[in-house]
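Report on one structure; see the data block that follows.
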There are 2 protein chains.
Amino acid sequence: MKIITISREFGSGGRELGKRLAEALGFAYYDAEILKAIAEKSGLAEEYVNDVVEKTSMWYMPITYANTFSCYNLHEENYFKVIRAQTEVIKELADKSDCVFVGRCADAILSELSPLNIFVHANTESKVIRCRKKAPEHEHLTDKQLRRKIKAVEAKRRYYYKTFTHNKWGDKEHYNLCVNTSNKEIKDLIPALAEYCKAFFG
Amino acid sequence: MKIITISREFGSGGRELGKRLAEALGFAYYDAEILKAIAEKSGLAEEYVNDVVEKTSMWYMPITYANTFSCYNLHEENYFKVIRAQTEVIKELADKSDCVFVGRCADAILSELSPLNIFVHANTESKVIRCRKKAPEHEHLTDKQLRRKIKAVEAKRRYYYKTFTHNKWGDKEHYNLCVNTSNKEIKDLIPALAEYCKAFFG
């Protein structure tokens, strides 16, 4: 199987890049549907899984729960349930067909299959512009608030990645290609990237 | 003008990549010839220029010279002469035609012209293999010696880059593309990279 994993800074256009690349190559594309599959496999609510996988680390728990030792243990148990399910789901999907994964530490989970690992990043200015374009209608954040949001999301991704893989998120040596999308339209880069992927898999 | 700069780890195949990319795009290619031009412009010996530009920083000087203050000043003066000449030569060449520069901090010198900056890197194993392939006939280094050589050359490049640009050499945010050449043949990557360059310049 040919597997591509996309890790990305918030607002870098990494998700769009992954989706378009999958389309260009005729590969399956996995992103949000992984959450659903993890929820099914682990028997936990999708919202809870999302909290663990997307937003938090093992040490996260609602502050109101933090007072009792038993709840702590429950959270820990569920955390490992999610992690195990995530690993299984991603491996099962990777076994089905050529595919592109966005996020979810798929690069680490599938490392034995030698995936093509791409990291997508951009300068803060470009990320702010892209976040503004993609913001839901009701969101009216200032540039400063957007910069803070970007930092916060990336800090969580960095921490989750570190906890899960023991590697530093975004360190170029863990990726085959690091693409800087500052001031670029994602769609303009796709034909060349698709060509690169074909060359990579030989 | 369309300008591509290549920075590279020792043994990553960055020079070959730059040369092949220039050929594929029909761009001029500048590498060793820059040294000659700097020597001519500064009135200093090519060997001395090479010592400053390739191997050392401002604080390098032959140990036998280090005892007298006047020699120190002379070295400092020559260092700045080389740096000025390097900046002028690279700017002049960039003004002539579309081109590819390998090394020499061209990415920083030409930053106002928005070049496409590529960083080429690889894991140590791949670099050792590539260094062994390209070694001169009389060189018979062990893997350990080669690893030490790679580290030493890269430490010098890192230090020179830091002194000259105040940036961290190899930090992905300073480059448009970071290409990991581990276990790859450079020539196989060229068509896709040439395509990427065309998309980048629009």
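Quick note on naming: the chains in the structure tokens go A, B, ... in the order shown, residues restart at 1 in each chain, and ligands are numbered from 1 in order of appearance.
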Closest contacts (chain A/chain B, max 12 Å, only C-alpha atoms) as a Markdown table:
| residue | atom | partner | partner_atom | distance |
| --- | --- | --- | --- | --- |
| A:Glu9 | CA | B:Glu173 | CA | 11.5 |
| A:Ser114 | CA | B:Asn183 | CA | 11.3 |
| A:Leu116 | CA | B:Asn180 | CA | 10.5 |
| A:Asn117 | CA | B:Asn180 | CA | 10.0 |
| A:Ile118 | CA | B:Cys178 | CA | 9.9 |
| A:Phe119 | CA | B:Cys178 | CA | 9.4 |
| A:Val120 | CA | B:Leu177 | CA | 9.7 |
| A:His121 | CA | B:Glu173 | CA | 7.7 |
| A:Ala122 | CA | B:Glu173 | CA | 7.3 |
| A:Asn123 | CA | B:Glu173 | CA | 7.3 |
| A:Thr124 | CA | B:Glu173 | CA | 10.4 |
| A:Gly170 | CA | B:Lys172 | CA | 8.6 |
| A:Asp171 | CA | B:Lys172 | CA | 8.1 |
| A:Lys172 | CA | B:Lys172 | CA | 6.7 |
| A:Glu173 | CA | B:Asn123 | CA | 7.3 |
| A:His174 | CA | B:Asn180 | CA | 9.0 |
| A:Tyr175 | CA | B:Asn180 | CA | 7.1 |
| A:Asn176 | CA | B:Asn180 | CA | 4.8 |
| A:Leu177 | CA | B:Val179 | CA | 5.0 |
| A:Cys178 | CA | B:Cys178 | CA | 4.9 |
| A:Val179 | CA | B:Leu177 | CA | 5.0 |
| A:Asn180 | CA | B:Asn176 | CA | 4.8 |
| A:Thr181 | CA | B:Asn176 | CA | 7.5 |
| A:Ser182 | CA | B:Asn176 | CA | 8.2 |
| A:Asn183 | CA | B:Phe200 | CA | 10.0 |
| A:Lys184 | CA | B:Phe200 | CA | 7.8 |
| A:Glu185 | CA | B:Phe200 | CA | 9.6 |
| A:Ile186 | CA | B:Ala199 | CA | 10.4 |
| A:Lys187 | CA | B:Ala199 | CA | 9.9 |
| A:Asp188 | CA | B:Ala199 | CA | 6.2 |
| A:Leu189 | CA | B:Ala199 | CA | 6.1 |
| A:Ile190 | CA | B:Tyr196 | CA | 8.7 |
| A:Pro191 | CA | B:Glu195 | CA | 7.8 |
| A:Ala192 | CA | B:Tyr196 | CA | 4.8 |
| A:Leu193 | CA | B:Ala192 | CA | 7.0 |
| A:Ala194 | CA | B:Ala192 | CA | 8.1 |
| A:Glu195 | CA | B:Ala192 | CA | 5.1 |
| A:Tyr196 | CA | B:Ala192 | CA | 4.8 |
| A:Cys197 | CA | B:Ala192 | CA | 8.5 |
| A:Lys198 | CA | B:Ala192 | CA | 8.8 |
| A:Ala199 | CA | B:Leu189 | CA | 6.1 |
| A:Phe200 | CA | B:Leu189 | CA | 7.4 |
| A:Phe201 | CA | B:Lys184 | CA | 10.1 |
| A:Gly202 | CA | B:Asp188 | CA | 8.3 |
Run DSSP on the backbone of this structure and report the residues of range 16-165 of chain B it assigns to strand (DSSP E), as an NGL selection string. :B and (28-30 or 99-102 or 116-121)
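Put simply, CA of Ser42 in chain B is 25.3 Å away from CA of Arg15 in chain B.
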Backbone DSSP call of alpha helix (DSSP H) for range 2-202 of chain B, listed as a PyMOL selection string: chain B and resi 14-25+32-42+46-50+69-96+106-109+124-134+143-165+186-201
Glu125 in chain B environment, 12 Å, only C-alpha atoms, sequence neighbours closer than 3 positions dropped, as a PyMOL selection string: chain B and resi 10-12+121-122+128-132+143-144+146-147+150+181-183
